[in-house]
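**Q** Mind looking over this structure? Questions follow.
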Amino acid sequence: MPKEKARAAKPKVERPLPRVIVVLGPTSSGKTALSLRLARKHNGEIINADARQMYRGFSIGTGKPPGRRGKYATHNAYLVRVQHEEVMEKAEDAHLDVEKLYPEIPHYLMDFLEPDELMTVAEWRERAIRAIDGIIERGHLPIIVGGTGLYTSALIDNFDIPHVPPNPALRSSFEKQSLEKLVSHLLKLDPTAATVVDLKNPRRVIRGIEICTFTGKSIASQRKKHPPIVDAFEVGIKRSRDEVRRRIDLAVRRMLEDGWPDEVRKQHDEGVSWNAPAMTSIGYKEIARYLRGEIMLDQAIHLIKLATYHYAKRQETWFKRDPRIHWAKDEDEAVEFVNSWLTK
């Protein structure tokens with residue numbers, strides 16, 4: 001019998017990468033409002049990329065949207081109902097089903113981390129990928145939101161990040177040193193660290209020392225890009241530095257009116273150390289100094305605003321490196337950018 005003809009190999013069908021919206025920008029630039037609007041419009045679920053908003057119970061000073069812990073499609077999430085309270089009351093008065101009109105939007109990697117824990121970039125990236133997979137399976141749109149540029153870059157550029165677990169003993173010894181000494185020590189280990197580490201952030205500097213100490217390699221050499229795993233559209237609202245400062249001032253005032261010092265006092269009374277990572281972030285450490293009687297409230301407010309201005313400037317510098325970001329003049333234009341991309 002003649003030999004059967006070899007079957008032609010089936011061409012490999014490549015699946016398109018999952019489409020992901022990334023809302024980024026400096027603090028107080030309007031990321032939260034934009035992300036919630038996009039989520040409502042495009043049936044989206046949100047993944048938090050703000051290091052401070054991960055901490056459970058630290059809500060007012062981090063600008064976390066009002067919400068609650070709960071279940072969404074059997075998954076733990078932070079649920080936010082997007083609608084002004086006054087409008088919701090009117091809907092209830094008209095006997096409308098508020099829950100159907102304004103369903104809760106799930107936020108992952110938000111309000112879940114214990115105040116004394118740290119989330120490494122590698123851990124965040126792994127959790128974010130799992131969340132994206134689940135969102136795509138449900139037929140929804142993943143929307144990543146936050147100002148921690150290293151997190152979003154690790155995902156978009158698919159960095160190969162070293163898995164170096166935090167070392168409590170090492171951190172304890174370094175936390176007693178001044179920022180100047182920490183930076184000096186890091187730069188001796190890795191002269192190129194300034195290109196990838198925020199040298200104004202003690203936690204980031206200590207993390208850099210950890211990585212260099214236990215791997216013996218520079219940080220930049222270990223952040224190698226790999227082929228993309230998501231099709232990301234990066235968008236942010238471009239605001240002048242003066243406008244960002246004005247919005248920061250307004251945000252700080254609202255946080256104080258909402259009881260920020262009471263939140264900090266409550267967390268400490270419940271056992272959170274003044275030295276816990278969540279308690280030493282911008283704003284919380286200044287409020288803590290006020291509560292300990294080290295400075296007056298007006299001094300704390302001044303220091304909070306100053307630290308936040310500097311932080312926003314560092315964020316702006318970081319995001320300037322990425323030419324892929326689509327900067328909009330306002331929220332409406334940002335929504336148009338996203339609509340246009342999604343319809344391609």
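Identifiers for the structure tokens are assigned positionally: chains receive A, B, ... in sequence, residues are indexed from 1 per chain, and ligands are indexed from 1 in the order shown.
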Do you know which residues are at most 10 Å from A:Arg223 counting only C-alpha atoms, after dropping those on the same chain fewer than 2 positions away, and could you put them as a list of chain:residue names?

**A**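 Result of the neighbour search: A:Ala154, A:Asp157, A:Asn158, A:Phe159, A:Asp160, A:Ile161, A:Pro162, A:Val196, A:Ser218, A:Ile219, A:Ala220, A:Ser221, A:Lys225, A:His226.
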
**Q** Kindly assemble as CSV a list of the stretch 189-219 of chain A residues that lie within 10 Å of stretch 176-183 of chain A, each paired with its nearest atom pair and their distance in Å to one decimal, using only C-alpha atoms, sorted first by chain and then by ascending residue number.

**A**
```
residue,atom,partner,partner_atom,distance
A:Leu189,CA,A:Val183,CA,9.9
A:Ala193,CA,A:Val183,CA,9.3
A:Ala194,CA,A:Val183,CA,9.0
A:Val197,CA,A:Val183,CA,9.9
A:Asp198,CA,A:Val183,CA,9.8
A:Leu199,CA,A:Val183,CA,6.5
A:Lys200,CA,A:Leu179,CA,7.6
A:Asn201,CA,A:Leu179,CA,8.1
A:Pro202,CA,A:Leu179,CA,6.0
A:Arg203,CA,A:Leu179,CA,9.6
A:Val205,CA,A:Val183,CA,6.5
A:Ile206,CA,A:Leu182,CA,7.0
A:Gly208,CA,A:Val183,CA,9.5
A:Ile209,CA,A:Leu182,CA,8.2
```

**Q** Can you work out the spacing between atom CA of A:Ala334 and atom CA of A:Arg37 in Å, to one decimal?

**A**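 Atom-to-atom, atom CA of A:Ala334 to atom CA of A:Arg37, that is 10.5 Å.
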
**Q** Determine, using only C-alpha atoms, which residues of stretch 137-254 of chain A have any atom at most 12 Å from an atom of stretch 42-64 of chain A, and tabulate each with its shortest atom pair and distance in Å to one decimal place, rows ordered by chain and then rising number, as CSV.

**A**
```
residue,atom,partner,partner_atom,distance
A:Glu137,CA,A:Glu45,CA,11.9
A:Arg138,CA,A:Glu45,CA,10.0
A:Gly139,CA,A:Asn43,CA,8.7
A:His140,CA,A:Gly44,CA,5.5
A:Leu141,CA,A:Gly44,CA,4.3
A:Pro142,CA,A:Glu45,CA,5.3
A:Ile143,CA,A:Ile46,CA,4.7
A:Ile144,CA,A:Ile47,CA,4.7
A:Val145,CA,A:Asn48,CA,5.3
A:Gly146,CA,A:Ala49,CA,4.2
A:Gly147,CA,A:Asp50,CA,5.6
A:Thr148,CA,A:Asp50,CA,5.4
A:Gly149,CA,A:Ala49,CA,8.2
A:Leu150,CA,A:Ala49,CA,9.2
A:Tyr151,CA,A:Ala49,CA,6.3
A:Thr152,CA,A:Ala49,CA,6.8
A:Ser153,CA,A:Ala49,CA,10.4
A:Ala154,CA,A:Ala49,CA,10.9
A:Leu155,CA,A:Ala49,CA,10.4
A:Arg203,CA,A:Ala51,CA,11.4
A:Arg204,CA,A:Ala51,CA,11.4
A:Ile248,CA,A:Gly63,CA,10.8
A:Leu250,CA,A:Gly63,CA,11.8
A:Ala251,CA,A:Gly63,CA,8.1
A:Val252,CA,A:Gly61,CA,7.9
A:Arg253,CA,A:Gly61,CA,10.6
A:Arg254,CA,A:Ile60,CA,9.0
```

**Q** Between atom CA of A:Asp298 and atom CA of A:Val264, measure the distance and give it in Å to one decimal.

**A**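 About the pair atom CA of A:Asp298 and atom CA of A:Val264: they are 16.5 Å apart.
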
**Q** Among stretch 143-274 of chain A, which ones does DSSP assign to strand (DSSP E) (computed from the backbone)? Answer as a list in words.

**A** Ile143, Ile144, Val145, Phe159, Asp160, Lys224, Lys225, Asp231, Ala232, Phe233, Glu234, Val235, Gly236 and Ile237 of chain A

**Q** Put those residues in a file: C-alpha atoms, as a PDB file, in the first residue's frame.

**A**
```
ATOM      1  CA  ILE A 143      -8.141  48.293  34.548  1.00  0.00           C
ATOM      2  CA  ILE A 144      -4.911  48.815  36.472  1.00  0.00           C
ATOM      3  CA  VAL A 145      -4.790  52.004  38.522  1.00  0.00           C
ATOM      4  CA  PHE A 159      10.327  42.303  33.901  1.00  0.00           C
ATOM      5  CA  ASP A 160      12.134  39.256  35.211  1.00  0.00           C
ATOM      6  CA  LYS A 224      15.318  42.210  32.093  1.00  0.00           C
ATOM      7  CA  LYS A 225      12.416  42.784  29.741  1.00  0.00           C
ATOM      8  CA  ASP A 231      -1.633  44.537  25.384  1.00  0.00           C
ATOM      9  CA  ALA A 232      -1.606  47.644  27.562  1.00  0.00           C
ATOM     10  CA  PHE A 233      -3.007  51.077  26.863  1.00  0.00           C
ATOM     11  CA  GLU A 234      -1.506  53.618  29.256  1.00  0.00           C
ATOM     12  CA  VAL A 235      -3.456  56.791  29.908  1.00  0.00           C
ATOM     13  CA  GLY A 236      -3.244  59.667  32.374  1.00  0.00           C
ATOM     14  CA  ILE A 237      -4.472  63.206  32.883  1.00  0.00           C
TER      15      ILE A 237
END
```

**Q** Do you know which residues are at most 10 Å from A:Arg40 counting only C-alpha atoms, after dropping those on the same chain fewer than 4 positions away, and could you put them as a VMD selection string?

**A** chain A and resid 35 to 36 44 to 45 81 to 82 102 to 105

**Q** Export N, CA and C atoms of the chosen residues as a tab-separated table (two decimals), in the first residue's frame?

**A**
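That gives us out.tsv:
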```
chain	number	residue	atom	x	y	z
A	35	SER	N	-10.70	56.03	36.59
A	35	SER	CA	-10.79	54.57	36.54
A	35	SER	C	-12.20	54.08	36.83
A	36	LEU	N	-12.87	54.71	37.79
A	36	LEU	CA	-14.25	54.30	38.11
A	36	LEU	C	-15.20	54.60	36.94
A	44	GLY	N	-15.68	47.11	33.59
A	44	GLY	CA	-14.31	46.83	34.02
A	44	GLY	C	-14.21	46.41	35.48
A	45	GLU	N	-13.11	45.75	35.77
A	45	GLU	CA	-12.72	45.42	37.14
A	45	GLU	C	-11.34	46.00	37.36
A	81	ARG	N	-19.09	51.16	45.25
A	81	ARG	CA	-20.30	51.50	44.49
A	81	ARG	C	-20.13	52.92	43.95
A	82	VAL	N	-20.13	53.03	42.64
A	82	VAL	CA	-19.81	54.30	42.00
A	82	VAL	C	-21.05	55.15	41.82
A	102	TYR	N	-26.46	50.88	40.09
A	102	TYR	CA	-25.07	51.22	40.36
A	102	TYR	C	-24.37	50.03	41.03
A	103	PRO	N	-24.02	49.02	40.25
A	103	PRO	CA	-23.38	47.84	40.84
A	103	PRO	C	-22.00	48.17	41.40
A	104	GLU	N	-21.60	47.39	42.39
A	104	GLU	CA	-20.29	47.60	43.00
A	104	GLU	C	-19.18	47.15	42.05
A	105	ILE	N	-18.13	47.92	41.99
A	105	ILE	CA	-17.00	47.61	41.13
A	105	ILE	C	-15.90	46.98	41.98
```

**Q** So that I can check the surroundings of A:Pro165, please list as a PDB file with N, CA and C atoms, in the first residue's frame every protein, DNA and RNA residue that reaches within 12 Å of it, counting only C-alpha atoms and ignoring chain neighbours fewer than 5 positions away.

**A**
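Output contents, as saved in result.pdb:
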```pdb
ATOM      1  N   GLU A 117       3.243  44.371  56.963  1.00  0.00           N
ATOM      2  CA  GLU A 117       3.771  43.573  55.855  1.00  0.00           C
ATOM      3  C   GLU A 117       4.215  44.459  54.699  1.00  0.00           C
ATOM      4  N   LEU A 118       5.022  43.877  53.824  1.00  0.00           N
ATOM      5  CA  LEU A 118       5.479  44.574  52.625  1.00  0.00           C
ATOM      6  C   LEU A 118       5.141  43.747  51.395  1.00  0.00           C
ATOM      7  N   MET A 119       4.811  44.423  50.317  1.00  0.00           N
ATOM      8  CA  MET A 119       4.521  43.757  49.055  1.00  0.00           C
ATOM      9  C   MET A 119       5.662  44.057  48.084  1.00  0.00           C
ATOM     10  N   THR A 120       6.408  43.025  47.688  1.00  0.00           N
ATOM     11  CA  THR A 120       7.494  43.228  46.737  1.00  0.00           C
ATOM     12  C   THR A 120       6.913  43.406  45.335  1.00  0.00           C
ATOM     13  N   VAL A 121       7.724  43.957  44.453  1.00  0.00           N
ATOM     14  CA  VAL A 121       7.286  44.158  43.072  1.00  0.00           C
ATOM     15  C   VAL A 121       6.963  42.813  42.416  1.00  0.00           C
ATOM     16  N   ALA A 122       7.802  41.806  42.683  1.00  0.00           N
ATOM     17  CA  ALA A 122       7.576  40.483  42.100  1.00  0.00           C
ATOM     18  C   ALA A 122       6.248  39.894  42.568  1.00  0.00           C
ATOM     19  N   GLU A 123       5.938  40.064  43.852  1.00  0.00           N
ATOM     20  CA  GLU A 123       4.676  39.541  44.389  1.00  0.00           C
ATOM     21  C   GLU A 123       3.488  40.267  43.775  1.00  0.00           C
ATOM     22  N   LEU A 170      17.792  42.170  58.673  1.00  0.00           N
ATOM     23  CA  LEU A 170      18.516  43.190  57.916  1.00  0.00           C
ATOM     24  C   LEU A 170      17.751  44.506  57.931  1.00  0.00           C
ATOM     25  N   ARG A 171      16.459  44.424  57.721  1.00  0.00           N
ATOM     26  CA  ARG A 171      15.647  45.648  57.683  1.00  0.00           C
ATOM     27  C   ARG A 171      15.654  46.363  59.031  1.00  0.00           C
ATOM     28  N   ARG A 207      15.104  48.043  50.335  1.00  0.00           N
ATOM     29  CA  ARG A 207      14.786  46.912  49.465  1.00  0.00           C
ATOM     30  C   ARG A 207      15.902  46.706  48.431  1.00  0.00           C
ATOM     31  N   GLY A 208      16.429  47.805  47.908  1.00  0.00           N
ATOM     32  CA  GLY A 208      17.531  47.706  46.958  1.00  0.00           C
ATOM     33  C   GLY A 208      18.761  47.074  47.583  1.00  0.00           C
ATOM     34  N   GLU A 210      18.753  44.971  50.064  1.00  0.00           N
ATOM     35  CA  GLU A 210      18.422  43.549  50.204  1.00  0.00           C
ATOM     36  C   GLU A 210      18.729  42.776  48.930  1.00  0.00           C
ATOM     37  N   ILE A 211      18.227  43.290  47.816  1.00  0.00           N
ATOM     38  CA  ILE A 211      18.387  42.597  46.536  1.00  0.00           C
ATOM     39  C   ILE A 211      19.865  42.469  46.163  1.00  0.00           C
ATOM     40  N   THR A 213      22.474  42.651  48.154  1.00  0.00           N
ATOM     41  CA  THR A 213      23.211  41.859  49.137  1.00  0.00           C
ATOM     42  C   THR A 213      23.041  40.366  48.887  1.00  0.00           C
ATOM     43  N   PHE A 214      21.813  39.949  48.608  1.00  0.00           N
ATOM     44  CA  PHE A 214      21.542  38.511  48.514  1.00  0.00           C
ATOM     45  C   PHE A 214      21.700  37.931  47.112  1.00  0.00           C
ATOM     46  N   THR A 215      21.817  38.800  46.086  1.00  0.00           N
ATOM     47  CA  THR A 215      22.046  38.286  44.732  1.00  0.00           C
ATOM     48  C   THR A 215      23.451  38.572  44.234  1.00  0.00           C
TER      49      THR A 215
END
```

**Q** DSSP on the backbone, alpha helix (DSSP H) only: what residues of stretch 73-200 of chain A does that give? Format it as a PyMOL selection string.

**A** chain A and resi 85-93+98-101+121-137+149-156+168-174+179-189

**Q** Hey, can you check how far atom CA of A:Thr27 sits from atom CA of A:Asn275?

**A**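 One can read the atom CA of A:Thr27 to atom CA of A:Asn275 distance as 23.5 Å.
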
**Q** Calculated over only C-alpha atoms, which of the candidates A:Leu34, A:Ala77, A:Asp262, A:Ala276 has the smallest distance to A:Ser172?

**A**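 Closest candidate: A:Ala276.
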